[in-house]
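One file, structure.txt, is given below (compact mmCIF, C-alpha atoms and all ligand atoms).
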# COMPACT_ATOMS: atom_id res chain seq x y z
CA MET W 1 180.44 121.70 147.55
CA HIS W 2 182.98 120.34 150.08
CA MET W 3 185.89 118.58 148.46
CA ARG W 4 188.71 118.37 150.92
CA LYS W 5 189.95 114.85 151.58
CA ILE W 6 192.43 114.00 148.83
CA ASN W 7 193.34 110.36 148.30
CA THR W 8 195.69 110.46 145.33
CA ASP W 9 197.18 113.00 143.01
CA PHE W 10 197.10 112.31 139.25
CA GLU W 11 198.85 113.85 136.27
CA CYS W 12 195.99 113.53 133.77
CA VAL W 13 192.42 112.31 134.21
CA VAL W 14 190.15 111.54 131.26
CA VAL W 15 186.42 111.17 131.94
CA GLY W 16 184.74 108.65 129.64
CA ALA W 17 185.98 105.47 127.99
CA GLY W 18 184.29 106.02 124.64
CA ILE W 19 186.31 106.18 121.42
CA ILE W 20 187.26 109.83 122.10
CA GLY W 21 188.39 109.37 125.72
CA LEU W 22 190.35 106.27 124.74
CA SER W 23 192.03 108.04 121.83
CA ILE W 24 192.97 111.03 124.00
CA ALA W 25 194.34 108.74 126.74
CA ARG W 26 196.27 106.73 124.13
CA SER W 27 197.82 109.86 122.70
CA PHE W 28 198.87 111.26 126.11
CA SER W 29 200.27 107.84 127.08
CA LYS W 30 202.35 107.71 123.88
CA ARG W 31 203.89 111.03 124.95
CA GLY W 32 204.89 109.59 128.34
CA VAL W 33 202.02 111.00 130.43
CA ASN W 34 200.39 108.73 133.02
CA VAL W 35 196.65 108.80 132.45
CA LEU W 36 193.73 107.63 134.52
CA VAL W 37 190.54 107.03 132.49
CA LEU W 38 187.35 106.95 134.57
CA GLU W 39 184.23 105.32 133.14
CA LYS W 40 180.84 105.18 134.82
CA ASN W 41 179.80 101.94 133.12
CA ALA W 42 181.18 98.45 133.75
CA LYS W 43 182.66 98.29 130.23
CA PHE W 44 184.23 100.64 127.68
CA GLY W 45 182.37 102.16 124.71
CA GLU W 46 178.88 101.14 125.76
CA GLU W 47 177.23 104.41 124.77
CA THR W 48 177.54 106.36 121.49
CA SER W 49 180.76 104.62 120.47
CA SER W 50 178.93 101.32 120.04
CA ARG W 51 175.74 102.88 118.70
CA ASN W 52 176.78 104.34 115.36
CA SER W 53 177.10 103.37 111.70
CA GLY W 54 180.77 102.37 111.99
CA VAL W 55 181.54 104.36 108.85
CA ILE W 56 184.96 105.84 108.14
CA HIS W 57 183.83 109.13 106.61
CA ALA W 58 185.82 110.87 103.89
CA GLY W 59 185.27 114.47 105.14
CA ILE W 60 182.74 115.56 102.54
CA TYR W 61 180.09 117.79 104.12
CA TYR W 62 181.81 119.99 106.68
CA PRO W 63 182.32 123.74 106.16
CA LYS W 64 185.93 124.72 105.60
CA GLY W 65 187.47 125.97 108.84
CA SER W 66 185.21 123.83 111.05
CA LEU W 67 186.78 121.35 113.49
CA LYS W 68 184.85 118.59 111.70
CA SER W 69 186.59 119.40 108.43
CA LEU W 70 189.95 119.76 110.18
CA PHE W 71 189.79 116.35 111.83
CA CYS W 72 187.70 114.16 109.52
CA LYS W 73 189.89 113.92 106.43
CA LYS W 74 193.04 113.42 108.50
CA GLY W 75 191.18 110.92 110.70
CA ASN W 76 190.09 108.95 107.63
CA GLU W 77 193.69 108.47 106.52
CA GLU W 78 194.97 107.71 110.01
CA LEU W 79 192.22 105.23 110.77
CA TYR W 80 192.86 103.16 107.64
CA LYS W 81 196.60 103.21 108.38
CA TYR W 82 196.13 102.19 112.04
CA ALA W 83 193.57 99.50 111.20
CA ARG W 84 195.84 97.93 108.58
CA LYS W 85 198.80 97.94 110.97
CA ARG W 86 196.75 96.36 113.77
CA LYS W 87 194.78 94.02 111.49
CA ILE W 88 191.46 95.56 112.56
CA LYS W 89 188.73 94.55 110.15
CA ILE W 90 187.86 97.29 107.65
CA ASP W 91 186.13 97.36 104.29
CA LYS W 92 186.83 100.34 102.02
CA CYS W 93 183.50 99.62 100.35
CA GLN W 94 182.94 103.19 98.98
CA LYS W 95 179.85 105.36 99.26
CA LEU W 96 177.29 106.82 96.86
CA ILE W 97 175.34 109.99 97.66
CA VAL W 98 172.27 109.72 95.49
CA SER W 99 169.98 112.23 93.86
CA CYS W 100 166.33 111.21 93.64
CA SER W 101 164.79 114.53 92.59
CA LYS W 102 165.61 117.74 90.72
CA SER W 103 166.30 119.62 93.97
CA ASP W 104 168.65 116.80 95.05
CA GLU W 105 170.69 117.50 91.90
CA ILE W 106 171.35 121.04 93.12
CA THR W 107 172.30 119.72 96.57
CA LEU W 108 174.69 117.17 95.00
CA ASN W 109 176.50 119.98 93.19
CA LYS W 110 176.81 121.93 96.44
CA ILE W 111 178.15 118.83 98.25
CA LYS W 112 180.72 118.30 95.49
CA SER W 113 182.01 121.88 95.84
CA ILE W 114 182.23 121.67 99.65
CA ALA W 115 184.09 118.34 99.38
CA ASN W 116 186.45 119.95 96.86
CA LEU W 117 187.26 122.74 99.31
CA ASN W 118 188.06 120.05 101.89
CA GLY W 119 190.37 118.31 99.43
CA VAL W 120 188.03 115.34 98.99
CA LYS W 121 187.43 114.21 95.43
CA LEU W 122 183.96 112.96 94.52
CA LEU W 123 183.11 111.49 91.12
CA LYS W 124 179.78 112.28 89.49
CA LYS W 125 178.13 109.11 88.15
CA LYS W 126 175.33 109.02 85.61
CA ASN W 127 172.36 106.71 85.82
CA SER W 128 173.84 104.42 83.13
CA ASP W 129 177.10 103.97 85.13
CA LEU W 130 175.13 103.38 88.30
CA LYS W 131 173.03 100.62 86.71
CA LYS W 132 176.26 98.65 86.26
CA MET W 133 177.70 99.51 89.67
CA GLU W 134 174.55 98.97 91.74
CA PRO W 135 171.79 97.30 89.68
CA ASN W 136 169.21 97.63 92.49
CA LEU W 137 169.72 101.36 92.89
CA ASN W 138 167.09 103.79 91.62
CA CYS W 139 168.24 107.41 91.23
CA PHE W 140 169.07 110.11 88.65
CA SER W 141 172.76 110.41 89.44
CA ALA W 142 175.15 110.08 92.36
CA LEU W 143 178.47 111.18 93.81
CA LEU W 144 180.98 108.41 94.41
CA SER W 145 183.29 108.66 97.41
CA LYS W 146 186.09 106.13 97.05
CA GLY W 147 187.55 106.92 100.48
CA SER W 148 184.51 105.90 102.55
CA GLY W 149 184.41 102.54 104.30
CA ILE W 150 183.48 100.66 107.45
CA ILE W 151 185.49 99.54 110.49
CA ASP W 152 185.14 97.15 113.43
CA VAL W 153 184.73 99.84 116.12
CA HIS W 154 184.85 97.40 119.05
CA ASN W 155 188.20 96.05 117.92
CA LEU W 156 189.46 99.59 117.32
CA MET W 157 188.65 100.49 120.94
CA LEU W 158 190.33 97.26 122.17
CA ASN W 159 193.48 98.29 120.32
CA PHE W 160 193.40 101.80 121.83
CA ILE W 161 193.07 100.16 125.27
CA SER W 162 196.04 97.89 124.64
CA ASP W 163 198.11 100.99 123.65
CA ILE W 164 196.99 102.75 126.85
CA GLU W 165 197.72 99.83 129.18
CA ARG W 166 201.07 99.04 127.57
CA LYS W 167 202.19 102.52 128.63
CA LYS W 168 201.12 101.90 132.25
CA SER W 169 198.12 104.22 132.12
CA GLN W 170 194.88 102.69 133.36
CA ILE W 171 191.12 102.57 132.94
CA VAL W 172 188.86 102.21 135.96
CA PHE W 173 185.22 101.21 135.45
CA ASN W 174 182.11 101.73 137.58
CA SER W 175 183.46 105.18 138.42
CA THR W 176 181.19 108.16 137.91
CA VAL W 177 182.89 111.53 138.19
CA ASP W 178 180.33 113.77 139.84
CA ASN W 179 181.73 116.98 141.29
CA VAL W 180 184.71 118.97 140.16
CA ASP W 181 186.42 121.94 141.81
CA ALA W 182 188.62 123.88 139.41
CA THR W 183 189.26 126.83 141.73
CA GLN W 184 192.29 125.31 143.51
CA GLU W 185 195.91 124.90 142.41
CA LYS W 186 195.05 121.45 141.06
CA ILE W 187 191.66 120.23 139.89
CA LEU W 188 189.76 118.29 142.57
CA PHE W 189 187.13 115.76 141.58
CA SER W 190 184.98 113.20 143.35
CA VAL W 191 184.18 109.67 142.18
CA ASN W 192 180.87 107.96 142.99
CA SER W 193 180.18 110.84 145.40
CA LYS W 194 182.72 109.34 147.79
CA GLU W 195 186.42 109.80 147.39
CA THR W 196 188.12 112.99 146.26
CA PHE W 197 191.24 113.07 144.12
CA SER W 198 193.30 115.76 142.44
CA THR W 199 194.84 116.10 138.99
CA LYS W 200 196.82 118.60 136.94
CA LEU W 201 194.83 117.93 133.77
CA PHE W 202 191.14 117.08 133.65
CA ILE W 203 189.64 116.16 130.27
CA ASN W 204 185.86 115.97 130.14
CA CYS W 205 184.90 113.80 127.17
CA SER W 206 181.84 112.18 128.65
CA GLY W 207 179.84 112.24 125.41
CA LEU W 208 176.11 112.76 125.98
CA PHE W 209 176.89 113.88 129.54
CA SER W 210 179.70 116.40 128.86
CA HIS W 211 177.48 119.47 129.26
CA ILE W 212 175.91 118.00 132.41
CA LEU W 213 179.28 117.27 134.02
CA ALA W 214 180.43 120.76 132.98
CA LYS W 215 177.59 122.26 135.04
CA ASN W 216 179.14 120.58 138.10
CA ILE W 217 182.57 122.16 137.57
CA LEU W 218 183.16 124.87 140.15
CA GLY W 219 185.20 127.67 138.60
CA LEU W 220 183.86 127.20 135.05
CA LYS W 221 181.66 130.07 133.88
CA LYS W 222 178.29 128.47 133.19
CA GLU W 223 177.57 130.79 130.25
CA LEU W 224 180.40 129.03 128.38
CA ILE W 225 178.56 125.69 128.44
CA PRO W 226 176.88 125.35 125.04
CA LYS W 227 173.25 124.49 124.47
CA ILE W 228 173.17 120.85 123.45
CA ASN W 229 170.48 119.14 121.37
CA LEU W 230 170.12 115.38 121.67
CA ILE W 231 169.17 113.78 118.35
CA LYS W 232 168.18 110.12 118.48
CA GLY W 233 168.75 107.91 115.48
CA ASP W 234 167.14 104.47 115.07
CA TYR W 235 168.38 101.67 112.84
CA MET W 236 166.45 98.88 111.12
CA LYS W 237 168.02 95.65 109.91
CA LEU W 238 167.23 94.09 106.54
CA SER W 239 166.70 90.34 106.50
CA GLY W 240 168.17 88.46 103.57
CA LYS W 241 170.69 89.39 100.95
CA SER W 242 172.06 92.91 100.76
CA PRO W 243 170.81 94.83 97.68
CA PHE W 244 173.93 97.04 97.52
CA SER W 245 177.66 96.54 97.72
CA ARG W 246 178.36 100.16 98.64
CA LEU W 247 177.05 102.53 101.31
CA ILE W 248 174.07 104.42 99.86
CA TYR W 249 173.26 107.86 101.26
CA PRO W 250 170.46 110.23 100.29
CA VAL W 251 171.26 113.96 100.46
CA PRO W 252 171.66 115.10 104.12
CA SER W 253 168.72 116.10 106.32
CA LYS W 254 168.67 118.88 108.95
CA PHE W 255 170.21 116.88 111.83
CA GLY W 256 171.91 113.97 110.09
CA LEU W 257 173.01 112.38 106.88
CA GLY W 258 169.54 111.03 106.05
CA ILE W 259 168.30 107.44 106.45
CA HIS W 260 171.03 105.62 104.58
CA SER W 261 171.85 102.06 103.67
CA THR W 262 175.00 100.84 105.41
CA LEU W 263 176.70 97.51 105.56
CA ASN W 264 178.20 95.91 108.61
CA LEU W 265 181.33 93.79 108.43
CA SER W 266 179.23 90.59 108.20
CA GLY W 267 177.77 91.94 104.94
CA GLN W 268 174.37 92.66 106.46
CA THR W 269 172.41 95.76 105.40
CA ILE W 270 171.34 98.21 108.10
CA PHE W 271 169.10 101.20 107.36
CA GLY W 272 169.29 104.38 109.42
CA PRO W 273 169.73 106.41 111.45
CA ASP W 274 166.72 108.70 111.27
CA ASP W 275 166.75 111.88 113.34
CA GLU W 276 164.42 112.73 116.18
CA LYS W 277 165.00 115.47 118.74
CA ILE W 278 164.66 114.07 122.27
CA SER W 279 164.86 115.52 125.77
CA LYS W 280 165.67 112.32 127.70
CA ILE W 281 168.14 109.57 126.81
CA ASN W 282 166.40 106.35 125.74
CA TYR W 283 167.34 103.70 123.22
CA ASN W 284 163.89 102.19 122.48
CA ILE W 285 162.82 101.65 118.88
CA SER W 286 159.22 101.43 117.85
CA GLU W 287 157.96 98.98 115.18
CA ARG W 288 155.72 101.87 114.12
CA LYS W 289 158.70 103.61 112.57
CA LYS W 290 158.87 100.97 109.83
CA LYS W 291 156.57 102.95 107.55
CA LYS W 292 158.76 106.06 107.78
CA PHE W 293 161.85 103.97 106.97
CA VAL W 294 160.20 102.20 104.04
CA ASN W 295 158.96 105.49 102.55
CA SER W 296 162.39 107.03 102.83
CA ILE W 297 164.36 104.07 101.45
CA LYS W 298 161.85 103.49 98.65
CA LYS W 299 163.17 106.65 97.00
CA PHE W 300 166.39 104.86 96.09
CA TRP W 301 165.33 101.21 96.49
CA PRO W 302 161.73 100.73 95.29
CA ASP W 303 161.76 96.97 96.07
CA ILE W 304 161.84 97.39 99.85
CA ILE W 305 158.91 95.87 101.77
CA ASP W 306 157.88 96.35 105.42
CA ARG W 307 158.21 92.77 106.47
CA ASP W 308 161.86 92.59 105.44
CA ILE W 309 163.03 95.14 107.99
CA ALA W 310 163.06 94.97 111.80
CA PRO W 311 164.17 97.34 114.60
CA ASP W 312 167.84 96.85 115.38
CA TYR W 313 169.55 99.45 117.60
CA SER W 314 169.67 103.20 118.18
CA GLY W 315 172.21 105.90 119.02
CA ILE W 316 172.09 109.50 120.18
CA ARG W 317 173.98 112.42 118.67
CA THR W 318 175.01 115.33 120.88
CA LYS W 319 174.82 118.50 118.81
CA THR W 320 175.95 122.07 119.41
CA GLU W 321 173.93 124.89 117.85
CA ASP W 322 176.42 125.42 115.02
CA ASN W 323 176.72 121.66 114.40
CA ASP W 324 180.48 121.55 114.95
CA PHE W 325 182.69 119.85 117.53
CA MET W 326 183.52 122.19 120.43
CA ILE W 327 186.78 121.81 122.32
CA GLN W 328 187.23 124.31 125.16
CA ASP W 329 190.53 124.80 126.97
CA TYR W 330 192.35 127.53 128.89
CA THR W 331 192.22 129.88 125.90
CA ASN W 332 188.40 129.87 126.10
CA HIS W 333 187.59 129.57 129.80
CA LYS W 334 190.86 130.59 131.58
CA VAL W 335 190.71 127.56 133.90
CA PRO W 336 194.18 125.98 133.91
CA GLY W 337 194.26 122.24 133.25
CA LEU W 338 190.64 121.87 132.17
CA VAL W 339 189.48 120.68 128.74
CA ASN W 340 185.81 120.16 127.84
CA LEU W 341 184.64 118.43 124.67
CA PHE W 342 181.08 119.11 123.53
CA GLY W 343 179.04 118.05 120.51
CA ILE W 344 181.27 115.18 119.44
CA ASP W 345 178.75 113.58 117.11
CA SER W 346 179.45 112.23 113.62
CA PRO W 347 182.24 112.11 112.32
CA GLY W 348 183.68 111.64 115.84
CA LEU W 349 184.66 108.03 115.26
CA THR W 350 186.52 108.91 112.06
CA SER W 351 188.14 111.91 113.75
CA SER W 352 189.14 110.07 116.92
CA ILE W 353 192.91 109.77 116.29
CA PRO W 354 193.54 113.44 115.32
CA ILE W 355 191.31 114.68 118.17
CA GLY W 356 193.50 112.69 120.60
CA GLU W 357 196.70 114.05 119.04
CA TYR W 358 195.38 117.64 119.00
CA ILE W 359 194.45 117.67 122.69
CA SER W 360 197.55 115.88 123.97
CA SER W 361 199.92 118.09 121.96
CA LYS W 362 198.09 121.26 123.08
CA CYS W 363 198.16 120.29 126.77
CA LEU W 364 201.65 118.82 127.02
CA ASN W 365 203.32 122.16 127.82
CA TYR W 366 201.02 122.59 130.77
CA LEU W 367 202.36 119.38 132.35
CA ARG W 368 206.07 119.98 131.75
C1 LIG W 401 173.48 107.37 115.31
C2 LIG W 401 174.93 107.74 115.19
C3 LIG W 401 175.66 107.37 114.08
C4 LIG W 401 177.01 107.72 113.96
N1 LIG W 401 177.73 107.27 112.90
C5 LIG W 401 179.04 107.58 112.80
C6 LIG W 401 179.82 107.09 111.73
O1 LIG W 401 179.38 106.29 110.92
N2 LIG W 401 181.10 107.51 111.62
C7 LIG W 401 181.67 108.39 112.50
O2 LIG W 401 182.81 108.79 112.32
N3 LIG W 401 180.96 108.82 113.58
C8 LIG W 401 179.68 108.42 113.76
N4 LIG W 401 178.96 108.83 114.84
C9 LIG W 401 179.62 109.65 115.87
C10 LIG W 401 180.44 108.80 116.85
O3 LIG W 401 179.76 107.62 117.21
C11 LIG W 401 180.71 109.66 118.10
O4 LIG W 401 181.32 110.87 117.68
C12 LIG W 401 181.64 109.00 119.10
O5 LIG W 401 181.24 107.69 119.38
C13 LIG W 401 181.66 109.82 120.37
O6 LIG W 401 182.50 109.18 121.28
P1 LIG W 401 182.65 109.73 122.75
O7 LIG W 401 183.78 108.99 123.36
O8 LIG W 401 182.70 111.20 122.73
O9 LIG W 401 181.25 109.40 123.47
P2 LIG W 401 180.74 108.04 124.13
O10 LIG W 401 181.02 106.87 123.31
O11 LIG W 401 179.31 108.28 124.51
O12 LIG W 401 181.62 107.93 125.43
C14 LIG W 401 181.45 108.76 126.55
C15 LIG W 401 181.68 107.89 127.77
O13 LIG W 401 181.66 108.71 128.93
C16 LIG W 401 181.06 107.96 129.99
N5 LIG W 401 180.60 108.92 131.01
C17 LIG W 401 179.61 109.82 130.88
N6 LIG W 401 179.50 110.56 132.02
C18 LIG W 401 180.44 110.10 132.87
C19 LIG W 401 180.84 110.48 134.19
N7 LIG W 401 180.26 111.47 134.85
N8 LIG W 401 181.85 109.78 134.78
C20 LIG W 401 182.48 108.76 134.13
N9 LIG W 401 182.14 108.37 132.87
C21 LIG W 401 181.14 109.05 132.24
C22 LIG W 401 179.93 107.23 129.27
O14 LIG W 401 179.48 106.13 130.02
C23 LIG W 401 180.59 106.85 127.96
O15 LIG W 401 181.17 105.57 128.01
C24 LIG W 401 177.62 108.48 114.99
C25 LIG W 401 176.88 108.85 116.12
C26 LIG W 401 175.56 108.47 116.23
C27 LIG W 401 174.79 108.82 117.46
Final structure tokens representation of the file:
Amino acid sequence: MHMRKINTDFECVVVGAGIIGLSIARSFSKRGVNVLVLEKNAKFGEETSSRNSGVIHAGIYYPKGSLKSLFCKKGNEELYKYARKRKIKIDKCQKLIVSCSKSDEITLNKIKSIANLNGVKLLKKKNSDLKKMEPNLNCFSALLSKGSGIIDVHNLMLNFISDIERKKSQIVFNSTVDNVDATQEKILFSVNSKETFSTKLFINCSGLFSHILAKNILGLKKELIPKINLIKGDYMKLSGKSPFSRLIYPVPSKFGLGIHSTLNLSGQTIFGPDDEKISKINYNISERKKKKFVNSIKKFWPDIIDRDIAPDYSGIRTKTEDNDFMIQDYTNHKVPGLVNLFGIDSPGLTSSIPIGEYISSKCLNYLR
């Protein structure tokens, strides 16, 4: 790799204008650091950040001590606060995790204890209470999370961008970062395989591509790049009136939270995502999946019929082996100025503000 000609020198470069890159750039900018965000697409947030459930999670499921548990609960509070201040549309519509079998009952109890350890209070509801709360719901019992809700993610990203640009940092689109040389005094990187620039800090938060970009970083030990599984999740839209006023979740599955019933901010019901391990990124949804969706949703909503649902959109989760976020900096890889983020799947949206604060506060000393 030849990376000699240097056009400009930057203080901090963030790769990826998804919710995480934008939050990190916003947080550095607030602390007086000039940031350049580079995005390969023509617009911000076109990948995972616009292909999710838009749910503000409460921080229920994550093992104590994990980064997910560290960031999610804090992120929940911060997101509601920020959204209210900026008048971003939210709906704190609550969530029910439902039990549809005897074994689900055991899982519900486990979920309640984990949530407790994370400082999240869940209320156990009996079938008779649930009949009043959600007359269309069919289950034995459920856990109520009062802190769960939904948010207008597009508007959230627009607000992060306005914070970034107000501080004179900038976002440049149609710019793919391809090669990186972290063996020099500053980090060299090329854009669109043409020009080469340098920066003191280089933050790789390129979502589904983070591990691929990491392989192109000279000076980073390749054995530190985690194995990543890509898990695709499809959504189906329900036509007609929504049967529920809250988010309805079954007990979690191996790779996700189970095909759940969510609402969008127009009051429409969306079912999904399912979980399917894939090797290549694609966002196609097959009509043939309807049967699987109907069978799964029937467990808590027996009235569902095939013809009322239609393929809507899909998203892809990037998962590490231990199912936690992974943030690698100097302390892990000994490369000054380099930060890699891997496995930022759900609850990445909810955790976005504290992730930004955590990285900018950790790296500030390096710049000063
Ligand atoms: C199906 C699904 C449902 C989810 N539901 C929720 C939810 O309800 N609540 C919640 O909290 N979280 C949820 N999440 C998780 C959340 O969506 C993600 O954690 C979050 O969007 C990740 O943001 P990101 O910025 O890391 O990635 P992305 O949004 O993918 O952004 C990465 C950006 O990097 C750019 N990029 C990649 N490579 C390069 C390169 N070489 N050069 C320049 N740019 C590059 C990409 O184009 C992209 O814009 C869900 C995720 C999925 C998949």
Exercise. All residues within 6 Å of ligand LIG 401 (chain W) are required, counting only C-alpha atoms and all ligand atoms; please report them as a PyMOL selection string.
Key: chain W and resi 15-21+38-41+44-49+52-57+175-178+205-209+213+233+273+315-317+344-350
Practice problem: Go ahead and find all residues with at least one atom no further than 9 Å from (168.7, 90.6, 104.8) in the file's coordinates, using all atoms listed in the file; report them as a VMD selection string. | Solution: chain W and resid 237 to 243 268 to 270 308 to 309
Residues of the last selection are to be written out with C-alpha atoms, as a JSON list (two decimals), in the coordinates of the input.
[["chain", "number", "residue", "atom", "x", "y", "z"],
["W", 237, "LYS", "CA", 168.02, 95.65, 109.91],
["W", 238, "LEU", "CA", 167.23, 94.09, 106.54],
["W", 239, "SER", "CA", 166.70, 90.34, 106.50],
["W", 240, "GLY", "CA", 168.17, 88.46, 103.57],
["W", 241, "LYS", "CA", 170.69, 89.39, 100.95],
["W", 242, "SER", "CA", 172.06, 92.91, 100.76],
["W", 243, "PRO", "CA", 170.81, 94.83, 97.68],
["W", 268, "GLN", "CA", 174.37, 92.66, 106.46],
["W", 269, "THR", "CA", 172.41, 95.76, 105.40],
["W", 270, "ILE", "CA", 171.34, 98.21, 108.10],
["W", 308, "ASP", "CA", 161.86, 92.59, 105.44],
["W", 309, "ILE", "CA", 163.03, 95.14, 107.99]]
Quiz item: In terms of the shortest atom-to-atom distance over all atoms listed in the file, which of W:Leu108, W:Ile228, W:Ala25, W:Leu70 is closest to W:Pro252?
Solution: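 Residue with the minimum atom-to-atom distance to W:Pro252: W:Leu108.
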Taking only residues of stretch 240-297 of chain W that have an atom at most 10 Å from an atom of stretch 122-133 of chain W, what is each one's shortest atom pair and its distance in Å to one decimal, using only C-alpha atoms, in chain and number order, as JSON lines?
{"residue": "W:Phe244", "atom": "CA", "partner": "W:Met133", "partner_atom": "CA", "distance": 9.1}
{"residue": "W:Ser245", "atom": "CA", "partner": "W:Met133", "partner_atom": "CA", "distance": 8.6}
{"residue": "W:Arg246", "atom": "CA", "partner": "W:Met133", "partner_atom": "CA", "distance": 9.0}
Self-check item: Residue nearest W:Glu11 among W:Lys319, W:Arg84, W:Lys200, W:Lys298 (counting all atoms listed in the file)
Solution: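 Going through W:Lys319, W:Arg84, W:Lys200, W:Lys298 one by one, the smallest distance to W:Glu11 is for W:Lys200.
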Shell around W:Thr8 at 9 Å using all atoms listed in the file, local window under 4 positions removed, as a JSON list (two decimals) with C-alpha atoms, in the frame of the given file:
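That gives us selection.json:
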[["chain", "number", "residue", "atom", "x", "y", "z"],
["W", 196, "THR", "CA", 188.12, 112.99, 146.26],
["W", 197, "PHE", "CA", 191.24, 113.07, 144.12],
["W", 198, "SER", "CA", 193.30, 115.76, 142.44],
["W", 199, "THR", "CA", 194.84, 116.10, 138.99]]
Self-check item: Residue neighbourhood W:Phe300, 8 Å, all atoms listed in the file, exclusion window fewer than 4 positions, as a VMD selection string
Solution: chain W and resid 98 100 137 to 139 250
